[in-house]
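Peer 1: Sharing data_32.csv here; it has CSV, C-alpha atoms.
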chain,number,residue,atom,x,y,z
S,15,SER,CA,15.8,-20.9,25.3
S,16,GLU,CA,19.2,-21.8,26.6
S,17,GLY,CA,20.7,-21.5,23.1
S,18,GLY,CA,19.2,-18.0,22.7
S,19,ARG,CA,20.6,-16.9,26.0
S,20,LYS,CA,24.0,-18.2,25.1
S,21,MET,CA,23.9,-16.4,21.7
S,22,ILE,CA,23.0,-13.1,23.4
S,23,SER,CA,25.9,-13.6,25.8
S,24,ILE,CA,28.3,-14.3,22.9
S,25,VAL,CA,27.1,-11.3,20.9
S,26,SER,CA,27.4,-9.1,24.0
S,27,LEU,CA,31.0,-10.3,24.4
S,28,GLU,CA,31.8,-9.6,20.8
S,29,ILE,CA,30.4,-6.0,21.1
S,30,GLN,CA,32.7,-5.5,24.1
S,31,LYS,CA,35.7,-6.8,22.2
S,32,ILE,CA,34.9,-4.3,19.4
S,33,LEU,CA,34.4,-1.3,21.6
S,34,LYS,CA,37.0,-1.9,24.4
S,35,ARG,CA,40.1,-1.7,22.3
S,36,LYS,CA,42.0,1.4,23.4
S,37,PHE,CA,42.4,2.9,19.9
S,38,ILE,CA,38.7,2.5,19.3
S,39,LEU,CA,37.9,4.1,22.6
S,40,ILE,CA,40.0,7.1,21.6
S,41,LEU,CA,38.3,7.3,18.2
S,42,LEU,CA,34.9,7.1,19.8
S,43,ALA,CA,35.8,9.9,22.2
S,44,ILE,CA,37.0,12.1,19.3
S,45,TYR,CA,33.8,11.3,17.3
S,46,SER,CA,31.6,12.1,20.4
S,47,ALA,CA,33.5,15.3,21.0
S,48,ILE,CA,32.9,16.4,17.4
S,49,LEU,CA,29.2,15.6,17.8
S,50,LEU,CA,29.0,17.6,21.0
S,51,PHE,CA,30.7,20.5,19.3
S,52,MET,CA,27.7,20.7,16.9
S,53,ALA,CA,25.7,22.0,19.9
S,54,TYR,CA,27.9,25.0,19.8
S,55,ALA,CA,28.4,25.3,16.0
S,56,GLY,CA,24.6,25.2,15.4
S,57,HIS,CA,23.5,27.3,18.4
S,58,PRO,CA,21.0,30.1,17.4
S,59,ASP,CA,23.3,32.6,19.2
S,60,ARG,CA,25.8,32.1,16.4
S,61,TYR,CA,23.1,32.7,13.8
S,62,THR,CA,24.4,34.9,10.9
S,63,PRO,CA,23.4,38.6,11.4
S,64,ILE,CA,20.6,39.8,9.1
S,65,LEU,CA,19.0,43.1,8.1
S,66,THR,CA,15.4,43.8,8.8
S,67,SER,CA,13.1,45.8,6.4
S,68,ASP,CA,14.0,49.0,8.2
S,69,GLY,CA,17.7,48.4,8.3
S,70,LYS,CA,18.2,47.1,11.8
S,71,VAL,CA,20.9,44.5,12.3
S,72,LEU,CA,19.7,41.4,14.2
S,73,GLU,CA,21.8,38.5,15.4
S,74,GLY,CA,21.3,35.1,17.2
S,75,THR,CA,17.8,34.2,18.5
S,76,GLU,CA,16.4,37.6,17.5
S,77,ALA,CA,17.4,37.0,13.9
S,78,VAL,CA,15.9,33.5,13.9
S,79,GLN,CA,12.5,34.8,15.3
S,80,TYR,CA,12.5,37.6,12.7
S,81,GLU,CA,13.0,35.2,9.8
S,82,LYS,CA,10.4,32.8,11.1
S,83,LYS,CA,7.8,35.6,11.2
S,84,LEU,CA,8.9,36.9,7.8
S,85,ALA,CA,8.6,33.4,6.2
S,86,GLU,CA,5.1,32.9,7.7
S,87,LYS,CA,3.9,35.5,5.1
S,88,TYR,CA,4.7,33.1,2.3
S,89,ASP,CA,2.9,29.8,2.7
S,90,THR,CA,3.3,29.3,-1.0
S,91,LEU,CA,5.5,31.1,-3.5
S,92,SER,CA,3.8,32.6,-6.5
S,93,ASP,CA,5.5,34.6,-9.2
S,94,ALA,CA,4.3,37.8,-7.6
S,95,ASP,CA,5.7,36.7,-4.2
S,96,VAL,CA,9.1,35.9,-5.7
S,97,GLN,CA,9.3,39.3,-7.5
S,98,GLU,CA,8.2,41.0,-4.3
S,99,ILE,CA,10.9,39.2,-2.2
S,100,LEU,CA,13.7,39.9,-4.7
S,101,ALA,CA,12.7,43.6,-5.0
S,102,GLU,CA,12.5,44.0,-1.2
S,103,ASN,CA,15.9,42.3,-0.8
S,104,ALA,CA,17.4,44.7,-3.3
S,105,ARG,CA,15.8,47.7,-1.6
S,106,ILE,CA,17.1,46.7,1.9
S,107,LEU,CA,20.6,46.2,0.6
S,108,ALA,CA,20.7,49.4,-1.4
S,109,GLU,CA,19.4,51.5,1.5
S,110,TYR,CA,21.1,50.0,4.5
S,111,THR,CA,24.3,48.0,3.8
S,112,ASP,CA,26.5,51.0,3.3
S,113,GLU,CA,25.5,52.7,6.5
S,114,ASN,CA,26.0,49.4,8.4
S,115,GLN,CA,29.4,49.0,6.6
S,116,MET,CA,28.3,45.6,5.2
S,117,ILE,CA,28.4,46.4,1.5
S,118,GLY,CA,31.6,44.4,0.9
S,119,ASP,CA,30.5,41.5,3.0
S,120,ASP,CA,29.5,38.3,1.1
S,121,TYR,CA,27.1,37.5,4.0
S,122,TYR,CA,25.0,40.5,2.9
S,123,ARG,CA,24.3,39.5,-0.7
S,124,TYR,CA,20.9,38.8,0.8
S,125,ALA,CA,19.3,40.6,3.7
S,126,ASN,CA,18.4,37.3,5.4
S,127,GLY,CA,18.4,33.6,5.0
S,128,PHE,CA,14.8,33.3,3.7
S,129,TYR,CA,15.4,35.8,0.9
S,130,GLY,CA,18.6,34.0,0.1
S,131,ALA,CA,16.8,30.7,-0.2
S,132,VAL,CA,14.2,32.1,-2.6
S,133,ALA,CA,17.0,33.9,-4.6
S,134,SER,CA,18.9,30.6,-4.9
S,135,VAL,CA,16.1,29.2,-7.0
S,136,PHE,CA,14.8,32.3,-8.8
S,137,THR,CA,18.0,34.2,-9.8
S,138,ASP,CA,20.8,33.5,-12.3
S,139,GLU,CA,24.5,33.4,-11.5
S,140,ASN,CA,24.6,37.2,-11.6
S,141,GLY,CA,21.8,37.6,-9.0
S,142,ASN,CA,19.2,38.7,-11.6
S,143,TYR,CA,15.6,37.4,-11.7
S,144,ASN,CA,15.6,34.3,-14.0
S,145,HIS,CA,11.9,34.5,-14.7
S,146,LEU,CA,11.5,30.8,-13.8
S,147,PRO,CA,7.7,30.2,-13.3
S,148,ALA,CA,7.0,29.5,-9.7
S,149,ASP,CA,4.9,26.4,-10.6
S,150,GLN,CA,7.6,24.9,-12.9
S,151,VAL,CA,10.7,24.7,-10.7
S,152,TYR,CA,11.1,20.9,-11.1
S,153,PRO,CA,9.6,18.4,-13.5
S,154,GLY,CA,6.1,17.2,-12.6
S,155,GLN,CA,5.6,20.0,-10.1
S,156,ASP,CA,1.9,20.1,-9.0
S,157,GLY,CA,1.0,23.6,-7.9
S,158,LEU,CA,3.1,26.3,-6.2
S,159,MET,CA,6.2,25.7,-4.0
S,160,GLN,CA,5.6,25.6,-0.2
S,161,GLY,CA,7.6,28.5,1.4
S,162,GLY,CA,8.7,28.9,4.9
S,163,PHE,CA,11.6,29.1,7.3
S,164,THR,CA,14.4,26.8,6.1
S,165,ASN,CA,17.5,27.4,8.1
S,166,GLY,CA,16.9,24.8,10.8
S,167,MET,CA,16.3,22.0,8.2
S,168,ASP,CA,19.3,23.2,6.2
S,169,MET,CA,21.4,22.8,9.3
S,170,LEU,CA,20.1,19.3,9.9
S,171,LEU,CA,20.8,18.2,6.4
S,172,SER,CA,24.2,19.7,6.4
S,173,PHE,CA,25.1,18.0,9.7
S,174,LEU,CA,23.7,14.7,8.6
S,175,ALA,CA,25.6,14.8,5.3
S,176,SER,CA,28.9,15.6,7.1
S,177,PHE,CA,28.6,12.9,9.9
S,178,LEU,CA,27.3,10.2,7.5
S,179,LEU,CA,30.6,10.6,5.7
S,180,LEU,CA,32.6,10.6,8.9
S,181,ALA,CA,30.9,7.6,10.6
S,182,PRO,CA,32.1,5.1,7.9
S,183,LEU,CA,35.7,5.9,8.6
S,184,LEU,CA,35.1,5.1,12.3
S,185,LEU,CA,33.3,1.9,11.4
S,186,ILE,CA,36.0,0.7,9.0
S,187,VAL,CA,38.6,0.9,11.8
S,188,MET,CA,36.2,-0.8,14.3
S,189,ILE,CA,34.9,-3.6,12.1
S,190,SER,CA,37.9,-4.6,9.9
S,191,PRO,CA,39.7,-6.4,12.7
S,192,VAL,CA,36.7,-8.5,13.8
S,193,PHE,CA,37.9,-11.7,12.2
S,194,ALA,CA,41.4,-10.7,11.1
S,195,GLU,CA,42.5,-10.0,14.7
S,196,GLU,CA,41.8,-13.6,15.6
S,197,TYR,CA,44.1,-14.7,12.8
S,198,THR,CA,47.0,-12.5,13.9
S,199,SER,CA,46.6,-13.3,17.6
S,200,GLY,CA,46.5,-17.1,16.9
S,201,MET,CA,43.0,-17.4,18.5
S,202,ASP,CA,41.6,-18.7,15.2
S,203,SER,CA,42.8,-22.2,15.9
S,204,LEU,CA,41.1,-22.3,19.3
S,205,ILE,CA,37.8,-20.8,18.0
S,206,LEU,CA,37.5,-22.9,14.9
S,207,SER,CA,38.3,-26.1,16.8
S,208,SER,CA,35.7,-25.4,19.5
S,209,ARG,CA,32.2,-26.9,19.3
S,210,PHE,CA,30.4,-23.7,18.2
S,211,GLY,CA,33.3,-21.7,16.9
S,212,LYS,CA,32.4,-22.1,13.2
S,213,THR,CA,28.7,-21.3,13.7
S,214,ARG,CA,27.7,-19.4,16.8
S,215,CYS,CA,30.9,-17.5,17.2
S,216,ALA,CA,30.9,-16.5,13.5
S,217,ARG,CA,27.3,-15.4,13.6
S,218,ALA,CA,27.9,-13.5,16.8
S,219,LYS,CA,30.8,-11.5,15.3
S,220,ILE,CA,28.6,-10.6,12.3
S,221,LEU,CA,25.6,-9.6,14.4
S,222,ALA,CA,27.7,-7.6,16.9
S,223,SER,CA,29.3,-5.7,14.0
S,224,PHE,CA,26.0,-4.7,12.5
S,225,LEU,CA,24.6,-3.8,15.9
S,226,CYS,CA,27.6,-1.4,16.4
S,227,SER,CA,26.9,0.1,13.0
S,228,ALA,CA,23.2,0.5,13.7
S,229,GLY,CA,24.0,2.0,17.2
S,230,ILE,CA,26.4,4.6,15.7
S,231,PHE,CA,23.8,5.6,13.1
S,232,ALA,CA,21.0,5.8,15.6
S,233,VAL,CA,22.9,7.9,18.1
S,234,THR,CA,24.3,10.2,15.5
S,235,SER,CA,21.0,10.8,13.6
S,236,LEU,CA,18.9,11.1,16.7
S,237,TYR,CA,21.2,13.5,18.4
S,238,LEU,CA,21.5,15.8,15.4
S,239,THR,CA,17.7,15.7,14.8
S,240,LEU,CA,16.9,16.5,18.5
S,241,LEU,CA,19.5,19.2,18.5
S,242,THR,CA,18.1,20.9,15.5
S,243,ILE,CA,14.5,20.7,16.7
S,244,GLY,CA,15.6,21.9,20.1
S,245,TYR,CA,17.2,25.0,18.6
S,246,PHE,CA,14.8,25.8,15.7
S,247,GLY,CA,11.7,23.7,16.2
S,248,THR,CA,10.0,21.8,13.4
S,249,ASP,CA,9.6,24.8,11.2
S,250,GLY,CA,10.4,23.9,7.6
S,251,LEU,CA,9.5,20.2,7.7
S,252,PHE,CA,6.8,20.7,5.0
S,253,VAL,CA,8.6,23.5,3.1
S,254,ASP,CA,9.9,22.6,-0.4
S,255,ALA,CA,13.5,21.5,-0.1
S,256,HIS,CA,14.3,23.0,-3.6
S,257,LEU,CA,14.9,26.1,-1.4
S,258,CYS,CA,17.8,24.2,0.2
S,259,ALA,CA,21.4,25.2,-0.7
S,260,THR,CA,23.0,22.2,1.1
S,261,GLY,CA,24.9,19.8,-1.1
S,262,MET,CA,22.9,20.5,-4.3
S,263,ILE,CA,19.7,19.1,-2.7
S,264,GLY,CA,17.8,22.0,-4.1
S,265,ASN,CA,18.5,20.7,-7.6
S,266,ALA,CA,16.4,17.6,-7.1
S,267,THR,CA,14.2,16.8,-10.1
S,268,PHE,CA,11.3,15.4,-8.1
S,269,ASP,CA,8.9,16.5,-5.4
S,270,LEU,CA,10.9,17.0,-2.2
S,271,PRO,CA,9.6,18.5,1.0
S,272,TYR,CA,12.3,18.9,3.7
S,273,TRP,CA,10.9,16.0,5.8
S,274,LYS,CA,11.4,13.7,2.7
S,275,ALA,CA,14.9,15.0,2.1
S,276,VAL,CA,15.9,14.3,5.7
S,277,LEU,CA,14.3,10.8,5.6
S,278,ILE,CA,16.1,10.0,2.3
S,279,LEU,CA,19.4,11.2,3.5
S,280,ALA,CA,19.0,9.2,6.7
S,281,VAL,CA,18.0,6.0,4.9
S,282,MET,CA,20.9,6.4,2.5
S,283,GLY,CA,23.2,6.9,5.4
S,284,PHE,CA,22.0,3.7,7.1
S,285,ALA,CA,22.2,1.8,3.8
S,286,GLY,CA,25.8,3.0,3.2
S,287,LEU,CA,26.9,2.1,6.8
S,288,LEU,CA,25.4,-1.4,6.4
S,289,MET,CA,27.3,-1.9,3.1
S,290,ILE,CA,30.5,-0.7,4.6
S,291,THR,CA,30.0,-2.9,7.6
S,292,GLY,CA,29.3,-5.9,5.4
S,293,PHE,CA,32.3,-5.3,3.2
S,294,ALA,CA,34.6,-4.8,6.2
S,295,LEU,CA,33.5,-8.1,7.6
S,296,ALA,CA,34.1,-9.9,4.3
S,297,ALA,CA,37.5,-8.3,4.0
S,298,SER,CA,38.3,-9.2,7.6
S,299,ALA,CA,37.3,-12.9,7.2
S,300,LEU,CA,39.0,-13.4,3.8
S,301,GLY,CA,42.0,-11.3,4.6
S,302,THR,CA,45.2,-12.1,6.4
S,303,SER,CA,45.5,-9.2,8.9
S,304,SER,CA,43.6,-6.3,10.3
S,305,PHE,CA,45.9,-3.8,8.5
S,306,VAL,CA,45.1,-5.4,5.1
S,307,SER,CA,41.4,-5.5,5.7
S,308,VAL,CA,41.4,-1.8,6.8
S,309,LEU,CA,43.3,-0.8,3.7
S,310,VAL,CA,41.0,-2.8,1.4
S,311,THR,CA,37.9,-1.4,3.0
S,312,LEU,CA,39.1,2.1,2.9
S,313,ALA,CA,39.8,1.7,-0.8
S,314,PHE,CA,36.3,0.3,-1.4
S,315,PHE,CA,34.9,3.3,0.4
S,316,ALA,CA,37.0,6.1,-1.0
S,317,LEU,CA,37.9,5.2,-4.6
S,318,PRO,CA,34.4,5.3,-6.1
S,319,MET,CA,34.2,9.0,-5.2
S,320,PHE,CA,37.2,9.7,-7.3
S,321,LEU,CA,36.6,7.2,-10.1
S,322,TRP,CA,33.0,8.2,-10.8
S,323,GLY,CA,32.8,10.1,-14.0
S,324,VAL,CA,36.4,9.6,-15.0
S,325,TRP,CA,35.5,7.4,-17.9
S,326,ASP,CA,32.5,7.8,-20.1
S,327,ILE,CA,31.3,4.3,-19.4
S,328,PRO,CA,27.6,4.5,-18.3
S,329,TRP,CA,27.4,1.0,-16.8
S,330,LEU,CA,30.6,1.6,-14.8
S,331,ASN,CA,29.4,5.0,-13.5
S,332,HIS,CA,26.1,3.4,-12.5
S,333,ILE,CA,27.9,0.8,-10.5
S,334,LEU,CA,30.0,3.5,-8.8
S,335,GLU,CA,26.9,5.5,-8.0
S,336,MET,CA,25.7,2.6,-5.9
S,337,CYS,CA,28.8,2.5,-3.8
S,338,PRO,CA,28.5,3.7,-0.2
S,339,VAL,CA,30.5,6.9,-0.5
S,340,ASN,CA,28.3,8.1,-3.4
S,341,LEU,CA,25.1,7.0,-1.7
S,342,LEU,CA,26.1,9.3,1.2
S,343,SER,CA,26.6,12.3,-1.2
S,344,PRO,CA,23.5,14.6,-1.4
S,345,ALA,CA,24.8,15.9,-4.7
S,346,LYS,CA,24.4,12.4,-6.2
S,347,ILE,CA,21.4,11.2,-4.3
S,348,PHE,CA,19.2,14.2,-5.3
S,349,ASN,CA,20.9,15.6,-8.4
S,350,LEU,CA,21.6,12.6,-10.7
S,351,PRO,CA,18.8,11.7,-13.2
S,352,ALA,CA,16.5,8.8,-12.5
S,353,TYR,CA,17.2,5.3,-13.9
S,354,GLU,CA,14.8,4.5,-16.7
S,355,ILE,CA,13.9,0.8,-16.8
S,356,GLY,CA,11.2,0.3,-19.5
S,357,THR,CA,8.5,2.7,-18.7
S,358,MET,CA,9.5,3.0,-15.0
S,359,LYS,CA,11.6,5.7,-13.5
S,360,ILE,CA,13.6,4.8,-10.4
S,361,GLN,CA,15.3,7.5,-8.5
S,362,VAL,CA,19.0,7.1,-7.4
S,363,TYR,CA,18.0,6.8,-3.7
S,364,GLN,CA,15.6,4.0,-4.6
S,365,MET,CA,18.3,2.1,-6.5
S,366,GLY,CA,20.6,2.7,-3.5
S,367,ILE,CA,18.1,0.9,-1.2
S,368,ILE,CA,18.0,-2.0,-3.7
S,369,ALA,CA,21.8,-2.1,-3.8
S,370,ALA,CA,22.2,-2.2,-0.1
S,371,VAL,CA,19.5,-4.9,0.4
S,372,CYS,CA,21.3,-7.1,-2.2
S,373,PHE,CA,25.0,-6.3,-1.3
S,374,THR,CA,25.0,-6.4,2.5
S,375,PRO,CA,23.6,-10.0,2.9
S,376,VAL,CA,26.1,-11.3,0.3
S,377,CYS,CA,29.0,-9.7,2.2
S,378,ALA,CA,27.7,-11.2,5.5
S,379,VAL,CA,27.5,-14.7,4.0
S,380,CYS,CA,31.0,-14.3,2.5
S,381,SER,CA,32.4,-13.4,5.9
S,382,TYR,CA,30.5,-16.3,7.6
S,383,PHE,CA,31.8,-18.9,5.2
S,384,GLY,CA,35.2,-17.2,4.8
S,385,PHE,CA,35.8,-17.6,8.5
S,386,GLN,CA,34.6,-21.2,8.5
S,387,LYS,CA,36.9,-22.1,5.7
S,388,HIS,CA,39.9,-20.3,7.0
S,389,GLN,CA,43.0,-22.3,7.0
S,390,VAL,CA,44.7,-22.1,10.4
S,391,ARG,CA,48.4,-21.5,10.2
S,392,SER,CA,50.6,-24.0,12.0
Could you express the structure from this file as structure tokens?

Peer 2:
Amino acid sequence: SEGGRKMISIVSLEIQKILKRKFILILLAIYSAILLFMAYAGHPDRYTPILTSDGKVLEGTEAVQYEKKLAEKYDTLSDADVQEILAENARILAEYTDENQMIGDDYYRYANGFYGAVASVFTDENGNYNHLPADQVYPGQDGLMQGGFTNGMDMLLSFLASFLLLAPLLLIVMISPVFAEEYTSGMDSLILSSRFGKTRCARAKILASFLCSAGIFAVTSLYLTLLTIGYFGTDGLFVDAHLCATGMIGNATFDLPYWKAVLILAVMGFAGLLMITGFALAASALGTSSFVSVLVTLAFFALPMFLWGVWDIPWLNHILEMCPVNLLSPAKIFNLPAYEIGTMKIQVYQMGIIAAVCFTPVCAVCSYFGFQKHQVRS
């Protein structure tokens, strides 16, 4: 319809206004450069050197292939498998680290990444076998843990966790001026006095902001996923993520294969970005300037990270847990205990989805009506 085409045109114009500011173009260029740098940082040629069972030092792609073949021997991890791996790791280090001059190198506490992943679950802080039954690693475990090559998935989770904390900072600077910039430039009087200024224009600004947010999330997550698969393949997708050392993910108290950990982290990232976008829009529409809306939104994003746990007030800490910065933290998503509501147990990530679904539309509505009710300064 004619109205639909006009709306698409207005949304397109608003997206251009968001992205074409010089400062935003510089920030996008920096963000893109950091993303591209990950292609170097995660390249298999930079893979940490490992020791083989006969003391040979392997690096890069050779090390990756060796670990993949080694991990294939352990589809599941029984008590006997765990003890065998720990004993073999100790033997290799005892026999070969000194002659390779690696004995004082922290990298060589474990002969390779797979042994290190197993040891992270089945050894104490001193590196000794903790006698944890292989079928009782987490509550409700059904059967033995699924073993396998984990380094590729570990890298993906680490990269996602890092960029999903960086992306909100970019979005805050991008979205906060959407309404406030019209106030400071004096364009608000022209927009609000036009026929569709209070309706179509307001909706277009909101829709354009969420599309920019979704676009940054999609490009970031897709790029990092394809990069990881391109380098390491899909090995590890069905391995138990309790073998993961990234951001305390391995401490999860529920069933968690790597594919599920990646999906949860991605969904939480998207939810957090939507909440940040919604709040930035509300702060922009209700504020007086871009600078004020940026500061308010930055405070909303950052403060809950520092305030969580400061006071022993359960209800306050639960609210802070649902704030975007904490929903983007693997340590909180996977490590905090589930909420108990009656006989139901709801995991933190599930509550996070509920929080995002409730919070984001409220912010969008506030920004819509806040812009409509804005008093134009004479």

Peer 1: In Å, with one decimal, what is the gap from atom CA of S:Leu330 to atom CA of S:Ile355?

Peer 2: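 Separation of atom CA of S:Leu330 and atom CA of S:Ile355: 16.8 Å.
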
Peer 1: Hey, can you check how far atom CA of S:Met365 sits from atom CA of S:Met336?

Peer 2: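 Atom CA of S:Met336 lies 7.4 Å from atom CA of S:Met365.
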
Peer 1: Which one of S:Phe252, S:Tyr237, S:Tyr245, S:Tyr353 sits closest to S:Pro271 if you count only C-alpha atoms?

Peer 2: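 With only C-alpha atoms as the atom set, the closest residue is S:Phe252.
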
Peer 1: How far is it from atom CA of S:Ile263 to atom CA of S:Trp329, in Å with one decimal?

Peer 2: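 These atoms are spaced 24.2 Å apart.
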
Peer 1: Give me, as number ranges by chain, all polymer residues having an atom no more than 12 Å from stretch 148-150 of chain S, counting all atoms listed in the file and skipping those fewer than 5 positions away in the same chain.

Peer 2: S: 90-97, 132, 135-137, 143, 155-161, 254, 256-257, 267-269

Peer 1: So that I have them on file, write out the residues from the current selection with C-alpha atoms, as a compact mmCIF listing (two decimals), keeping the file's coordinate frame.

Peer 2:
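So part.txt came out as:
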# COMPACT_ATOMS: atom_id res chain seq x y z
CA THR S 90 3.30 29.30 -1.00
CA LEU S 91 5.50 31.10 -3.50
CA SER S 92 3.80 32.60 -6.50
CA ASP S 93 5.50 34.60 -9.20
CA ALA S 94 4.30 37.80 -7.60
CA ASP S 95 5.70 36.70 -4.20
CA VAL S 96 9.10 35.90 -5.70
CA GLN S 97 9.30 39.30 -7.50
CA VAL S 132 14.20 32.10 -2.60
CA VAL S 135 16.10 29.20 -7.00
CA PHE S 136 14.80 32.30 -8.80
CA THR S 137 18.00 34.20 -9.80
CA TYR S 143 15.60 37.40 -11.70
CA GLN S 155 5.60 20.00 -10.10
CA ASP S 156 1.90 20.10 -9.00
CA GLY S 157 1.00 23.60 -7.90
CA LEU S 158 3.10 26.30 -6.20
CA MET S 159 6.20 25.70 -4.00
CA GLN S 160 5.60 25.60 -0.20
CA GLY S 161 7.60 28.50 1.40
CA ASP S 254 9.90 22.60 -0.40
CA HIS S 256 14.30 23.00 -3.60
CA LEU S 257 14.90 26.10 -1.40
CA THR S 267 14.20 16.80 -10.10
CA PHE S 268 11.30 15.40 -8.10
CA ASP S 269 8.90 16.50 -5.40

Peer 1: Skipping near chain neighbours, those fewer than 6 positions away, what residues fall within 9 Å of S:Leu179 using all atoms listed in the file, listed as a list in words?

Peer 2: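 In the requested form, the answer reads Gly283, Val339, Leu342 and Ser343 of chain S.
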
Peer 1: Got a sec to check which residues sit within 7 Å of (8.9, 30.3, 5.7), counting all atoms listed in the file, and write them as a CSV table (one decimal) with C-alpha atoms, keeping the file's coordinate frame?

Peer 2:
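What ended up in out.csv:
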chain,number,residue,atom,x,y,z
S,82,LYS,CA,10.4,32.8,11.1
S,84,LEU,CA,8.9,36.9,7.8
S,85,ALA,CA,8.6,33.4,6.2
S,86,GLU,CA,5.1,32.9,7.7
S,88,TYR,CA,4.7,33.1,2.3
S,89,ASP,CA,2.9,29.8,2.7
S,128,PHE,CA,14.8,33.3,3.7
S,161,GLY,CA,7.6,28.5,1.4
S,162,GLY,CA,8.7,28.9,4.9
S,163,PHE,CA,11.6,29.1,7.3
S,164,THR,CA,14.4,26.8,6.1
S,250,GLY,CA,10.4,23.9,7.6

Peer 1: Identify which of the residues S:Asn126, S:Gln79, S:Ser190, S:Asn103 lies closest to S:Lys219, counting all atoms listed in the file when measuring atom-to-atom distances.

Peer 2: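 The shortest atom-to-atom distance to S:Lys219 comes from S:Ser190.
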
Peer 1: May I ask which of the residues S:Gly69, S:Gly244, S:Gly166, S:Gly127 is the closest one to S:Trp273, counting only C-alpha atoms?

Peer 2: S:Gly166

Peer 1: Ranking S:Leu321, S:Met262, S:Cys380, S:Ala299 by minimum distance to S:Ile189 and counting all atoms listed in the file, which one comes first?

Peer 2: S:Ala299

Peer 1: If you count only C-alpha atoms, which residues fall within 10 Å of S:Asn265, apart from same-chain ones fewer than 6 positions away, as number ranges by chain?

Peer 2: S: 135, 151-152, 255-259, 345, 348-350

Peer 1: Might you pull out every residue within 9 Å of S:Leu170, with only C-alpha atoms counted and same-chain residues fewer than 4 positions away left off, and present them as number ranges by chain?

Peer 2: S: 165-166, 174-175, 238-239, 241-243, 276

Peer 1: With distances taken over all atoms listed in the file, which of S:Tyr61, S:Leu277, S:Ile290, S:Ser26 is nearest to S:Leu251?

Peer 2: S:Leu277

Peer 1: Per residue of stretch 210-274 of chain S within 10 Å of stretch 32-42 of chain S, what are the shortest atom pair and its distance in Å to one decimal, counting all atoms listed in the file, with rows by chain and residue number, as CSV?

Peer 2:
residue,atom,partner,partner_atom,distance
S:Lys219,CA,S:Ile32,CA,9.2
S:Ala222,CA,S:Ile32,CA,8.3
S:Ser223,CA,S:Ile32,CA,7.9
S:Cys226,CA,S:Ile32,CA,8.4
S:Ile230,CA,S:Leu42,CA,9.8

Peer 1: Can you pull out every residue within 12 Å of S:Glu76, counting only C-alpha atoms, but drop anything in the same chain fewer than 5 positions away, and send it as a list of chain:residue names?

Peer 2: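 Here the qualifying residues turn out to be S:Pro58, S:Asp59, S:Arg60, S:Tyr61, S:Thr62, S:Pro63, S:Ile64, S:Leu65, S:Thr66, S:Lys70, S:Val71, S:Glu81, S:Lys82, S:Lys83.
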
Peer 1: Using all atoms listed in the file for the distances, tell me which of S:Phe193, S:Phe177, S:Tyr45, S:Phe320 is nearest to S:Ser303.

Peer 2: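 Between S:Phe193, S:Phe177, S:Tyr45, S:Phe320, the residue approaching S:Ser303 most closely is S:Phe193.
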
Peer 1: Contacts between stretch 368-379 of chain S and stretch 203-319 of chain S, please, where a residue of stretch 203-319 of chain S counts if it comes within 6 Å (with all atoms listed in the file); show its shortest atom pair and distance in Å to one decimal, rows by chain and ascending number, as CSV.

Peer 2:
residue,atom,partner,partner_atom,distance
S:Ala285,CA,S:Ala370,CA,5.6
S:Met289,CA,S:Thr374,CA,5.1
S:Gly292,CA,S:Cys377,CA,5.0
S:Phe293,CA,S:Cys377,CA,5.6
S:Ala296,CA,S:Cys377,CA,5.5
